[in-house]
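A.B. asks: Below is the file upload-v3.cif, with mmCIF, C-alpha atoms and all ligand atoms.
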data_upload
loop_
_atom_site.label_atom_id
_atom_site.label_comp_id
_atom_site.auth_asym_id
_atom_site.auth_seq_id
_atom_site.Cartn_x
_atom_site.Cartn_y
_atom_site.Cartn_z
CA MET A 26 23.52 23.68 -13.37
CA ASN A 27 22.23 20.33 -14.60
CA CYS A 28 19.74 18.45 -12.42
CA LYS A 29 20.86 15.58 -10.27
CA ARG A 30 20.29 12.13 -11.76
CA LEU A 31 18.45 9.57 -9.63
CA LEU A 32 17.97 5.90 -10.52
CA THR A 33 14.80 4.34 -9.21
CA ILE A 34 14.63 0.54 -9.05
CA GLN A 35 11.09 -0.81 -8.73
CA ASP A 36 8.37 -2.43 -10.80
CA VAL A 37 6.40 -1.07 -13.69
CA SER A 38 2.80 -1.88 -12.87
CA CYS A 39 1.18 -0.87 -16.14
CA VAL A 40 -2.04 0.23 -14.42
CA GLY A 41 -2.48 1.14 -10.77
CA GLN A 42 -0.75 4.46 -9.96
CA CYS A 43 2.09 2.86 -8.02
CA SER A 44 5.84 2.28 -8.25
CA ALA A 45 7.55 3.61 -11.38
CA THR A 46 4.40 5.26 -12.78
CA VAL A 47 4.40 7.42 -9.64
CA ALA A 48 8.17 7.83 -9.20
CA LEU A 49 8.84 9.11 -12.73
CA PRO A 50 6.36 12.03 -12.75
CA VAL A 51 6.85 12.91 -9.08
CA ILE A 52 10.65 12.94 -9.15
CA SER A 53 10.64 14.88 -12.44
CA ALA A 54 8.29 17.42 -10.81
CA CYS A 55 10.88 17.79 -8.04
CA GLY A 56 13.36 18.95 -10.68
CA VAL A 57 15.43 15.77 -10.48
CA GLU A 58 16.22 13.59 -13.51
CA CYS A 59 14.65 10.17 -12.98
CA ALA A 60 16.11 7.08 -14.66
CA VAL A 61 14.33 3.77 -14.11
CA LEU A 62 15.49 0.17 -13.77
CA PRO A 63 12.29 -1.94 -13.75
CA SER A 64 12.44 -4.86 -11.32
CA ALA A 65 9.40 -6.49 -12.94
CA VAL A 66 6.56 -5.69 -15.31
CA LEU A 67 3.05 -6.38 -14.05
CA SER A 68 -0.23 -5.89 -15.87
CA ASN A 69 -1.40 -3.88 -12.83
CA HIS A 70 -0.86 -3.33 -9.11
CA THR A 71 -1.45 -6.41 -6.94
CA GLY A 72 -3.55 -4.49 -4.42
CA GLY A 73 -7.24 -4.14 -5.14
CA PHE A 74 -7.18 -5.91 -8.55
CA THR A 75 -8.46 -9.46 -9.08
CA GLY A 76 -5.26 -10.81 -10.68
CA TRP A 77 -2.09 -9.79 -12.46
CA THR A 78 0.62 -10.92 -14.85
CA PHE A 79 4.20 -10.82 -13.56
CA CYS A 80 7.44 -10.75 -15.56
CA ASP A 81 10.52 -10.87 -13.30
CA LEU A 82 13.35 -8.83 -14.86
CA THR A 83 16.17 -10.12 -12.62
CA PRO A 84 18.13 -11.56 -15.59
CA GLU A 85 18.25 -8.10 -17.22
CA MET A 86 19.91 -6.42 -14.25
CA PRO A 87 23.53 -7.61 -14.70
CA LYS A 88 23.28 -6.98 -18.47
CA ILE A 89 22.05 -3.44 -17.91
CA GLU A 90 24.75 -2.83 -15.30
CA ALA A 91 27.43 -4.05 -17.73
CA GLU A 92 26.16 -1.71 -20.44
CA TRP A 93 26.12 1.24 -18.02
CA GLU A 94 29.66 0.34 -17.05
CA ARG A 95 30.73 0.34 -20.70
CA GLN A 96 29.14 3.78 -21.15
CA ARG A 97 30.47 5.05 -17.79
CA LEU A 98 27.02 6.11 -16.56
CA PHE A 99 26.75 7.13 -12.90
CA PHE A 100 23.91 8.23 -10.60
CA ASP A 101 23.71 10.82 -7.83
CA ALA A 102 21.04 8.82 -6.00
CA PHE A 103 19.36 5.43 -5.89
CA TYR A 104 15.78 4.94 -4.74
CA THR A 105 14.53 1.37 -4.44
CA GLY A 106 10.93 0.22 -3.97
CA TYR A 107 9.17 -3.03 -4.85
CA VAL A 108 11.91 -5.48 -5.89
CA CYS A 109 12.17 -9.26 -6.20
CA PRO A 110 14.04 -11.40 -3.61
CA ALA A 111 16.82 -12.44 -6.04
CA GLN A 112 17.53 -8.80 -6.90
CA ILE A 113 19.20 -7.71 -3.66
CA ASP A 114 22.74 -8.64 -4.79
CA PRO A 115 22.36 -7.21 -8.34
CA ILE A 116 20.99 -3.98 -6.81
CA LEU A 117 23.82 -3.74 -4.26
CA SER A 118 26.27 -4.19 -7.12
CA ILE A 119 24.66 -1.37 -9.14
CA MET A 120 24.61 0.90 -6.08
CA GLU A 121 28.29 0.21 -5.48
CA HIS A 122 29.59 0.46 -9.02
CA ARG A 123 27.35 3.11 -10.62
CA ALA A 124 27.47 5.67 -7.78
CA ALA A 125 28.66 9.21 -8.51
CA PRO A 126 30.75 10.70 -5.68
CA GLY A 127 28.51 11.26 -2.62
CA ALA A 128 25.61 9.27 -4.09
CA VAL A 129 22.66 8.82 -1.76
CA ARG A 130 20.68 5.60 -1.18
CA VAL A 131 16.97 5.79 -0.36
CA VAL A 132 15.48 2.37 0.41
CA ASP A 133 11.73 1.93 0.71
CA PRO A 134 11.54 -1.73 1.86
CA VAL A 135 8.26 -2.38 0.05
CA MET A 136 7.12 -5.86 1.11
CA ALA A 137 4.29 -5.67 3.64
CA ASP A 138 1.49 -3.69 5.24
CA ASN A 139 -1.24 -4.16 7.83
CA GLY A 140 0.70 -6.98 9.53
CA LYS A 141 1.17 -9.11 6.39
CA LEU A 142 3.69 -9.65 3.60
CA TYR A 143 2.45 -8.74 0.10
CA PRO A 144 1.35 -11.66 -2.12
CA GLY A 145 4.25 -13.68 -3.53
CA PHE A 146 6.85 -12.73 -0.89
CA ALA A 147 8.17 -15.60 1.26
CA ASP A 148 8.83 -15.32 4.99
CA ASP A 149 12.60 -15.05 4.45
CA PHE A 150 12.31 -11.98 2.18
CA PRO A 151 12.62 -9.47 5.08
CA ARG A 152 16.09 -10.91 5.88
CA GLU A 153 17.17 -10.18 2.30
CA MET A 154 15.59 -6.72 2.37
CA ALA A 155 17.50 -6.00 5.59
CA ARG A 156 20.73 -6.35 3.56
CA LEU A 157 19.54 -3.55 1.26
CA CYS A 158 18.63 -1.39 4.27
CA ALA A 159 22.07 -1.96 5.81
CA GLY A 160 23.82 0.44 3.44
CA ALA A 161 20.98 2.94 3.11
CA ASP A 162 21.21 6.64 3.87
CA TYR A 163 17.43 6.69 4.36
CA VAL A 164 15.01 3.80 5.00
CA LEU A 165 11.26 4.37 4.82
CA PRO A 166 9.42 1.37 6.32
CA ASN A 167 5.87 1.30 7.56
CA LEU A 168 5.40 -0.29 10.99
CA THR A 169 4.79 -3.77 9.54
CA GLU A 170 7.94 -3.62 7.41
CA ALA A 171 9.99 -2.28 10.32
CA ALA A 172 8.92 -5.19 12.53
CA PHE A 173 9.66 -7.79 9.82
CA LEU A 174 13.09 -6.23 9.15
CA LEU A 175 13.88 -6.72 12.84
CA GLY A 176 12.49 -10.28 12.91
CA GLU A 177 9.59 -9.23 15.14
CA LYS A 178 5.82 -9.58 15.06
CA PRO A 179 4.17 -6.36 13.88
CA VAL A 180 2.47 -4.20 16.52
CA LEU A 181 0.00 -1.85 14.84
CA GLU A 182 -1.79 -0.22 17.76
CA GLY A 183 -1.47 0.53 21.44
CA TYR A 184 2.24 1.41 21.23
CA ASP A 185 4.01 4.45 22.66
CA GLU A 186 6.96 6.69 21.77
CA ALA A 187 9.40 4.35 23.53
CA PHE A 188 8.26 1.52 21.22
CA ILE A 189 8.71 3.66 18.08
CA GLU A 190 12.12 4.79 19.27
CA ARG A 191 13.16 1.17 19.89
CA LEU A 192 12.12 0.25 16.33
CA ALA A 193 14.11 3.19 14.96
CA ALA A 194 17.16 2.17 17.03
CA GLY A 195 16.86 -1.40 15.69
CA LEU A 196 16.83 -0.12 12.11
CA HIS A 197 19.90 2.04 12.79
CA SER A 198 21.66 -1.00 14.15
CA LEU A 199 20.93 -2.80 10.87
CA GLY A 200 23.05 -0.03 9.30
CA ALA A 201 20.52 2.57 8.11
CA ARG A 202 21.76 6.14 8.68
CA GLN A 203 18.37 7.90 8.83
CA VAL A 204 15.07 6.18 9.56
CA VAL A 205 11.64 7.43 8.51
CA LEU A 206 8.86 5.29 10.02
CA THR A 207 5.48 5.80 8.35
CA GLY A 208 1.98 5.08 9.59
CA VAL A 209 2.73 6.17 13.17
CA SER A 210 -0.30 7.08 15.28
CA PHE A 211 -0.63 7.75 19.01
CA GLU A 212 -4.22 9.00 18.82
CA PRO A 213 -6.99 8.00 16.42
CA GLY A 214 -7.34 11.36 14.64
CA LEU A 215 -3.67 11.81 13.74
CA LEU A 216 -1.36 9.82 11.46
CA GLY A 217 2.25 10.61 10.74
CA THR A 218 5.92 9.80 10.58
CA ALA A 219 8.79 9.38 13.02
CA VAL A 220 12.12 10.62 11.66
CA SER A 221 15.27 9.46 13.40
CA ASP A 222 18.86 10.47 12.67
CA GLY A 223 20.27 8.21 15.37
CA ALA A 224 20.57 11.08 17.86
CA GLY A 225 16.85 11.75 18.34
CA VAL A 226 13.37 11.15 16.92
CA LYS A 227 11.10 13.90 15.59
CA TYR A 228 7.42 13.40 14.79
CA ASP A 229 5.20 14.94 12.12
CA PHE A 230 1.43 14.40 12.10
CA ASN A 231 -1.47 15.21 9.79
CA PRO A 232 -5.18 14.67 10.41
CA ARG A 233 -6.06 11.03 9.58
CA LEU A 234 -8.18 10.92 6.41
CA ALA A 235 -11.07 8.48 6.15
CA ARG A 236 -10.00 7.01 2.83
CA THR A 237 -7.23 4.38 2.59
CA SER A 238 -5.75 3.67 -0.85
CA HIS A 239 -3.01 1.55 -2.36
CA GLY A 240 0.02 3.42 -3.68
CA THR A 241 0.20 6.17 -1.05
CA GLY A 242 3.52 4.75 0.21
CA ASP A 243 4.93 5.11 -3.30
CA VAL A 244 3.82 8.75 -3.49
CA PHE A 245 5.39 9.37 -0.07
CA ALA A 246 8.71 7.71 -0.97
CA SER A 247 8.95 9.40 -4.39
CA VAL A 248 8.37 12.89 -2.96
CA PHE A 249 10.80 12.11 -0.14
CA ALA A 250 13.54 10.97 -2.55
CA GLY A 251 13.04 13.98 -4.84
CA ALA A 252 12.98 16.40 -1.93
CA VAL A 253 16.18 15.14 -0.27
CA MET A 254 17.88 15.46 -3.65
CA ARG A 255 16.75 19.10 -3.64
CA GLY A 256 18.52 19.58 -0.31
CA LEU A 257 15.70 19.17 2.22
CA SER A 258 16.45 17.52 5.54
CA ALA A 259 14.92 14.09 6.18
CA PHE A 260 12.35 15.70 8.50
CA ASP A 261 11.34 18.43 6.02
CA ALA A 262 11.25 15.94 3.13
CA ALA A 263 9.03 13.57 5.16
CA ALA A 264 6.69 16.43 6.15
CA LEU A 265 6.39 17.56 2.52
CA ALA A 266 5.82 13.98 1.37
CA ALA A 267 3.04 13.52 3.93
CA ASP A 268 1.37 16.77 2.82
CA VAL A 269 1.48 15.63 -0.83
CA VAL A 270 -0.03 12.25 0.14
CA CYS A 271 -2.86 14.00 2.03
CA ALA A 272 -3.53 16.40 -0.86
CA SER A 273 -3.54 13.42 -3.28
CA ILE A 274 -6.05 11.51 -1.16
CA GLU A 275 -8.27 14.59 -0.82
CA ALA A 276 -8.18 15.09 -4.60
CA THR A 277 -9.24 11.48 -5.29
CA ASP A 278 -12.77 11.00 -6.50
CA ASP A 279 -14.79 8.40 -4.57
CA SER A 280 -15.45 6.51 -7.81
CA HIS A 281 -11.68 5.99 -8.33
CA TRP A 282 -11.05 2.60 -6.75
CA TYR A 283 -7.28 2.20 -7.16
CA GLY A 284 -4.38 4.55 -6.39
CA VAL A 285 -4.63 8.23 -5.53
CA ALA A 286 -4.86 11.31 -7.74
CA PHE A 287 -1.29 12.44 -7.03
CA GLU A 288 -1.34 14.22 -10.40
CA LYS A 289 -3.54 16.91 -8.86
CA ALA A 290 -0.99 17.52 -6.07
CA ILE A 291 1.93 18.09 -8.45
CA PRO A 292 1.44 21.88 -8.74
CA MET A 293 1.56 22.13 -4.94
CA LEU A 294 4.73 19.97 -4.86
CA VAL A 295 6.43 22.14 -7.47
CA GLU A 296 5.46 25.30 -5.58
CA ARG A 297 6.66 23.97 -2.21
CA LEU A 298 10.06 23.06 -3.70
CA GLY A 299 10.38 26.55 -5.15
O1 LIG A 301 2.55 0.07 -3.60
C1 LIG A 301 3.57 -0.86 -3.37
C2 LIG A 301 3.53 -1.91 -4.46
C3 LIG A 301 4.24 -1.69 -5.61
N1 LIG A 301 4.22 -2.55 -6.62
C4 LIG A 301 3.49 -3.67 -6.55
C5 LIG A 301 2.76 -3.94 -5.42
C6 LIG A 301 2.79 -3.05 -4.33
C7 LIG A 301 2.02 -3.32 -3.12
O2 LIG A 301 1.20 -4.18 -3.04
O3 LIG A 301 2.02 -5.05 -5.38
C8 LIG A 301 3.48 -4.62 -7.70
#
Using structure tokens, write down the structure that the file contains.
C.D. replies:
Amino acid sequence: MNCKRLLTIQDVSCVGQCSATVALPVISACGVECAVLPSAVLSNHTGGFTGWTFCDLTPEMPKIEAEWERQRLFFDAFYTGYVCPAQIDPILSIMEHRAAPGAVRVVDPVMADNGKLYPGFADDFPREMARLCAGADYVLPNLTEAAFLLGEKPVLEGYDEAFIERLAAGLHSLGARQVVLTGVSFEPGLLGTAVSDGAGVKYDFNPRLARTSHGTGDVFASVFAGAVMRGLSAFDAAALAADVVCASIEATDDSHWYGVAFEKAIPMLVERLG
């Protein structure tokens, strides 16, 4: 049987181990064909570098969609990451018109972390991103993104399960079918995810590692998207994704100042997916 074909829509940051340069190898390693629609081309990731070039590819999107329509190309899954504000409607159009029967939508609402929007995103971007989350089968926000999607101020510590469950319920009421909240921690030594299918929330924790790096969210989301395409439940896909993130961080040399060495965790990912 041929592999499933997934389209990822996110930037190409030429250097930085994030976005498409993570999604392509990771999703391929999952045994899923990965096509890419670049939202923008940057010289490098915006986190940790001193500057960057930025080429917004919004004008290409309708042209590419029209060509795919002419060639009758369809996708079994869509996985979106870092996208530009004006791209929400073009992306919704591609998801609607280029979907194979039963196609799955995985939306990582990449826009913020640690209580702040990423550079270049205006305060009204979360409202636009919420429109993308509305039709998603899976949304993967961190706690900052979840709060912004709901029009709230981020709460990053001192919360309890009832708070997490309220955030998940809010994201379901936006329209998301399954919610995976990342960066959840109820005690200092443990960090994990809350996975909600609308009927209940399940938690998965790993020991918190000392190192924090840019790009770990992209590794998480890419493994998650590949794993659900291989038939894993949202909970099992999130647990696998967290294990791959931890293994990637542990494999990263202290002298490596951007990204994580996810390449070294690929054999483990392939083995875990059988
Ligand atoms: O890792 C998420 C991400 C992806 N792409 C670009 C980013 C970021 C986060 O800062 O800047 C360009």
A.B. asks: Quick one: residues within 7 Å of A:Phe100, all atoms listed in the file counted, chain neighbours fewer than 5 positions away excluded, as a PyMOL selection string?
C.D. replies: chain A and resi 30-32+123-125+128
A.B. asks: Convert the current residue selection to file output with C-alpha atoms, as a PDB file, keeping the file's coordinate frame.
C.D. replies:
ATOM      1  CA  ARG A  30      20.290  12.130 -11.760  1.00  0.00           C
ATOM      2  CA  LEU A  31      18.450   9.570  -9.630  1.00  0.00           C
ATOM      3  CA  LEU A  32      17.970   5.900 -10.520  1.00  0.00           C
ATOM      4  CA  ARG A 123      27.350   3.110 -10.620  1.00  0.00           C
ATOM      5  CA  ALA A 124      27.470   5.670  -7.780  1.00  0.00           C
ATOM      6  CA  ALA A 125      28.660   9.210  -8.510  1.00  0.00           C
ATOM      7  CA  ALA A 128      25.610   9.270  -4.090  1.00  0.00           C
TER       8      ALA A 128
END
A.B. asks: Suppose you want the space between atom CA of A:Val295 and atom CA of A:Val57; what is it in Å?
C.D. replies: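 Spanning atom CA of A:Val295 to atom CA of A:Val57 is a straight-line distance of 11.4 Å.
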A.B. asks: Using all atoms listed in the file, find the one residue out of A:Ser238, A:Ser258, A:Gln112, A:Ser198 that sits nearest to A:Val285.
C.D. replies: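 Of A:Ser238, A:Ser258, A:Gln112, A:Ser198, the one nearest A:Val285 is A:Ser238, counting all atoms listed in the file.
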A.B. asks: Any idea what's packed within 8 Å of stretch 63-66 of chain A, counting all atoms listed in the file, ignoring anything in its chain fewer than 2 positions away? Could you give it as a VMD selection string?
C.D. replies: chain A and resid 34 to 39 45 61 68 78 to 83 107 to 109 112
A.B. asks: Which residues, written as a PyMOL selection string, have at least one atom at most 12 Å from A:Leu168, with only C-alpha atoms counted and residues fewer than 6 positions away on the same chain left out?
C.D. replies: chain A and resi 134-141+174-175+177-182+184+188-193+196+204-210+217-219
A.B. asks: A:Ala246, A:Leu234, A:Ala48, A:Leu157: which is nearest A:Glu121, counting only C-alpha atoms?
C.D. replies: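 The shortest atom-to-atom distance to A:Glu121 comes from A:Leu157.
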A.B. asks: Hey, what's within 7 Å of A:His239 if we count all atoms listed in the file and toss same-chain stuff fewer than 5 positions away? As a PyMOL selection string, please?
C.D. replies: chain A and resi 72+283-284
A.B. asks: Using all atoms listed in the file for the distances, tell me which of A:Tyr163, A:Phe146, A:Phe249, A:Trp93 is nearest to ligand LIG 301 (chain A).
C.D. replies: A:Phe146
A.B. asks: Rank A:Ala171, A:Val269, A:Leu215, A:Ala161 by their smallest atom-to-atom distance to A:Ala194, using only C-alpha atoms, and report the top residue only.
C.D. replies: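 Looking only at the distances to A:Ala194, the closest residue turns out to be A:Ala171.
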A.B. asks: Which is closest to ligand LIG 301 (chain A) among A:Glu296, A:Asp243, A:Asp148, A:Glu212, if we use all atoms listed in the file?
C.D. replies: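 Smallest separation from ligand LIG 301 (chain A) among the options: A:Asp243.
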A.B. asks: What is the atom CA of A:Tyr143 to atom C8 of ligand LIG 301 (chain A) distance in Å?
C.D. replies: 8.9 Å
A.B. asks: Expressed in Å to a single decimal, how great is the separation between atom CA of A:Asp222 and atom CA of A:Val164?
C.D. replies: 10.9 Å
A.B. asks: Can you tell me, as lines of an AutoDock Vina configuration file, the centre and edge lengths (Å, one decimal) of the axis-aligned box enclosing all of ligand LIG 301 (chain A)'s listed atoms after padding each side by 4 Å?
C.D. replies:
center_x = 2.7
center_y = -2.5
center_z = -5.4
size_x = 11.0
size_y = 13.1
size_z = 12.7
A.B. asks: May I ask which of the residues A:Val132, A:Cys55, A:Ala172, A:Ala235 is the closest one to A:Leu265, counting all atoms listed in the file?
C.D. replies: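 Ranking A:Val132, A:Cys55, A:Ala172, A:Ala235 by distance to A:Leu265, first place goes to A:Cys55.
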A.B. asks: Can you tell me, as a compact mmCIF listing (two decimals) with C-alpha atoms, keeping the file's coordinate frame, which residues sit within 9 Å of (21.7, 6.5, 6.0) in the file's frame, using all atoms listed in the file?
C.D. replies:
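Once written, point.txt looks like this:
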# COMPACT_ATOMS: atom_id res chain seq x y z
CA VAL A 129 22.66 8.82 -1.76
CA ARG A 130 20.68 5.60 -1.18
CA VAL A 131 16.97 5.79 -0.36
CA CYS A 158 18.63 -1.39 4.27
CA ALA A 159 22.07 -1.96 5.81
CA GLY A 160 23.82 0.44 3.44
CA ALA A 161 20.98 2.94 3.11
CA ASP A 162 21.21 6.64 3.87
CA TYR A 163 17.43 6.69 4.36
CA VAL A 164 15.01 3.80 5.00
CA HIS A 197 19.90 2.04 12.79
CA GLY A 200 23.05 -0.03 9.30
CA ALA A 201 20.52 2.57 8.11
CA ARG A 202 21.76 6.14 8.68
CA GLN A 203 18.37 7.90 8.83
CA VAL A 204 15.07 6.18 9.56
CA ASP A 222 18.86 10.47 12.67
A.B. asks: Might you pull out every residue within 12 Å of A:Met293, with only C-alpha atoms counted and same-chain residues fewer than 4 positions away left off, and present them as JSON, numbers by chain?
C.D. replies: {"A": [51, 54, 55, 248, 265, 266, 268, 269, 270, 271, 272, 273, 287, 288, 289, 297, 298, 299]}
A.B. asks: All heavy atoms for stretch 183-193 of chain A, written as a JSON list (two decimals), keeping the file's coordinate frame, could you do that?
C.D. replies:
[["chain", "number", "residue", "atom", "x", "y", "z"],
["A", 183, "GLY", "N", -1.72, 0.62, 20.00],
["A", 183, "GLY", "CA", -1.47, 0.53, 21.44],
["A", 183, "GLY", "C", 0.00, 0.68, 21.81],
["A", 183, "GLY", "O", 0.40, 0.32, 22.92],
["A", 184, "TYR", "N", 0.81, 1.22, 20.93],
["A", 184, "TYR", "CA", 2.24, 1.41, 21.23],
["A", 184, "TYR", "C", 2.47, 2.85, 21.70],
["A", 184, "TYR", "O", 1.59, 3.70, 21.59],
["A", 184, "TYR", "CB", 3.09, 1.09, 19.99],
["A", 184, "TYR", "CG", 2.61, 1.76, 18.73],
["A", 184, "TYR", "CD1", 2.87, 3.11, 18.50],
["A", 184, "TYR", "CD2", 1.87, 1.07, 17.78],
["A", 184, "TYR", "CE1", 2.42, 3.74, 17.36],
["A", 184, "TYR", "CE2", 1.42, 1.70, 16.63],
["A", 184, "TYR", "CZ", 1.70, 3.03, 16.43],
["A", 184, "TYR", "OH", 1.24, 3.67, 15.31],
["A", 185, "ASP", "N", 3.68, 3.10, 22.20],
["A", 185, "ASP", "CA", 4.01, 4.45, 22.66],
["A", 185, "ASP", "C", 5.31, 4.93, 22.00],
["A", 185, "ASP", "O", 5.89, 4.22, 21.17],
["A", 185, "ASP", "CB", 4.12, 4.48, 24.19],
["A", 185, "ASP", "CG", 5.17, 3.49, 24.70],
["A", 185, "ASP", "OD1", 5.92, 2.94, 23.86],
["A", 185, "ASP", "OD2", 5.25, 3.26, 25.92],
["A", 186, "GLU", "N", 5.74, 6.12, 22.39],
["A", 186, "GLU", "CA", 6.96, 6.69, 21.77],
["A", 186, "GLU", "C", 8.17, 5.80, 22.02],
["A", 186, "GLU", "O", 9.03, 5.64, 21.15],
["A", 186, "GLU", "CB", 7.23, 8.09, 22.31],
["A", 186, "GLU", "CG", 6.26, 9.12, 21.76],
["A", 186, "GLU", "CD", 6.68, 10.56, 22.03],
["A", 186, "GLU", "OE1", 7.85, 10.82, 22.37],
["A", 186, "GLU", "OE2", 5.81, 11.43, 21.89],
["A", 187, "ALA", "N", 8.23, 5.20, 23.22],
["A", 187, "ALA", "CA", 9.40, 4.35, 23.53],
["A", 187, "ALA", "C", 9.46, 3.18, 22.54],
["A", 187, "ALA", "O", 10.55, 2.78, 22.10],
["A", 187, "ALA", "CB", 9.30, 3.84, 24.96],
["A", 188, "PHE", "N", 8.29, 2.64, 22.18],
["A", 188, "PHE", "CA", 8.26, 1.52, 21.22],
["A", 188, "PHE", "C", 8.78, 1.98, 19.85],
["A", 188, "PHE", "O", 9.61, 1.30, 19.23],
["A", 188, "PHE", "CB", 6.82, 0.99, 21.10],
["A", 188, "PHE", "CG", 6.64, -0.01, 19.99],
["A", 188, "PHE", "CD1", 7.02, -1.33, 20.16],
["A", 188, "PHE", "CD2", 6.11, 0.38, 18.76],
["A", 188, "PHE", "CE1", 6.87, -2.25, 19.11],
["A", 188, "PHE", "CE2", 5.96, -0.53, 17.72],
["A", 188, "PHE", "CZ", 6.33, -1.84, 17.92],
["A", 189, "ILE", "N", 8.29, 3.14, 19.39],
["A", 189, "ILE", "CA", 8.71, 3.66, 18.08],
["A", 189, "ILE", "C", 10.22, 3.92, 18.09],
["A", 189, "ILE", "O", 10.94, 3.60, 17.14],
["A", 189, "ILE", "CB", 7.93, 4.96, 17.75],
["A", 189, "ILE", "CG1", 6.44, 4.64, 17.54],
["A", 189, "ILE", "CG2", 8.51, 5.69, 16.55],
["A", 189, "ILE", "CD1", 6.12, 3.74, 16.38],
["A", 190, "GLU", "N", 10.70, 4.47, 19.19],
["A", 190, "GLU", "CA", 12.12, 4.79, 19.27],
["A", 190, "GLU", "C", 12.97, 3.52, 19.31],
["A", 190, "GLU", "O", 14.07, 3.48, 18.76],
["A", 190, "GLU", "CB", 12.37, 5.75, 20.45],
["A", 190, "GLU", "CG", 11.93, 7.15, 20.03],
["A", 190, "GLU", "CD", 11.43, 8.08, 21.12],
["A", 190, "GLU", "OE1", 11.92, 8.00, 22.25],
["A", 190, "GLU", "OE2", 10.55, 8.92, 20.80],
["A", 191, "ARG", "N", 12.44, 2.44, 19.90],
["A", 191, "ARG", "CA", 13.16, 1.17, 19.89],
["A", 191, "ARG", "C", 13.22, 0.59, 18.47],
["A", 191, "ARG", "O", 14.24, 0.07, 18.03],
["A", 191, "ARG", "CB", 12.47, 0.18, 20.86],
["A", 191, "ARG", "CG", 13.32, -1.06, 21.15],
["A", 191, "ARG", "CD", 12.61, -2.08, 22.01],
["A", 191, "ARG", "NE", 11.35, -2.57, 21.46],
["A", 191, "ARG", "CZ", 11.24, -3.38, 20.42],
["A", 191, "ARG", "NH1", 12.32, -3.79, 19.78],
["A", 191, "ARG", "NH2", 10.06, -3.77, 20.00],
["A", 192, "LEU", "N", 12.10, 0.72, 17.73],
["A", 192, "LEU", "CA", 12.12, 0.25, 16.33],
["A", 192, "LEU", "C", 13.16, 1.02, 15.53],
["A", 192, "LEU", "O", 13.94, 0.44, 14.77],
["A", 192, "LEU", "CB", 10.75, 0.47, 15.66],
["A", 192, "LEU", "CG", 9.61, -0.50, 15.89],
["A", 192, "LEU", "CD1", 8.42, -0.12, 15.01],
["A", 192, "LEU", "CD2", 10.02, -1.94, 15.60],
["A", 193, "ALA", "N", 13.15, 2.36, 15.71],
["A", 193, "ALA", "CA", 14.11, 3.19, 14.96],
["A", 193, "ALA", "C", 15.54, 2.78, 15.31],
["A", 193, "ALA", "O", 16.39, 2.62, 14.42],
["A", 193, "ALA", "CB", 13.88, 4.66, 15.26]]
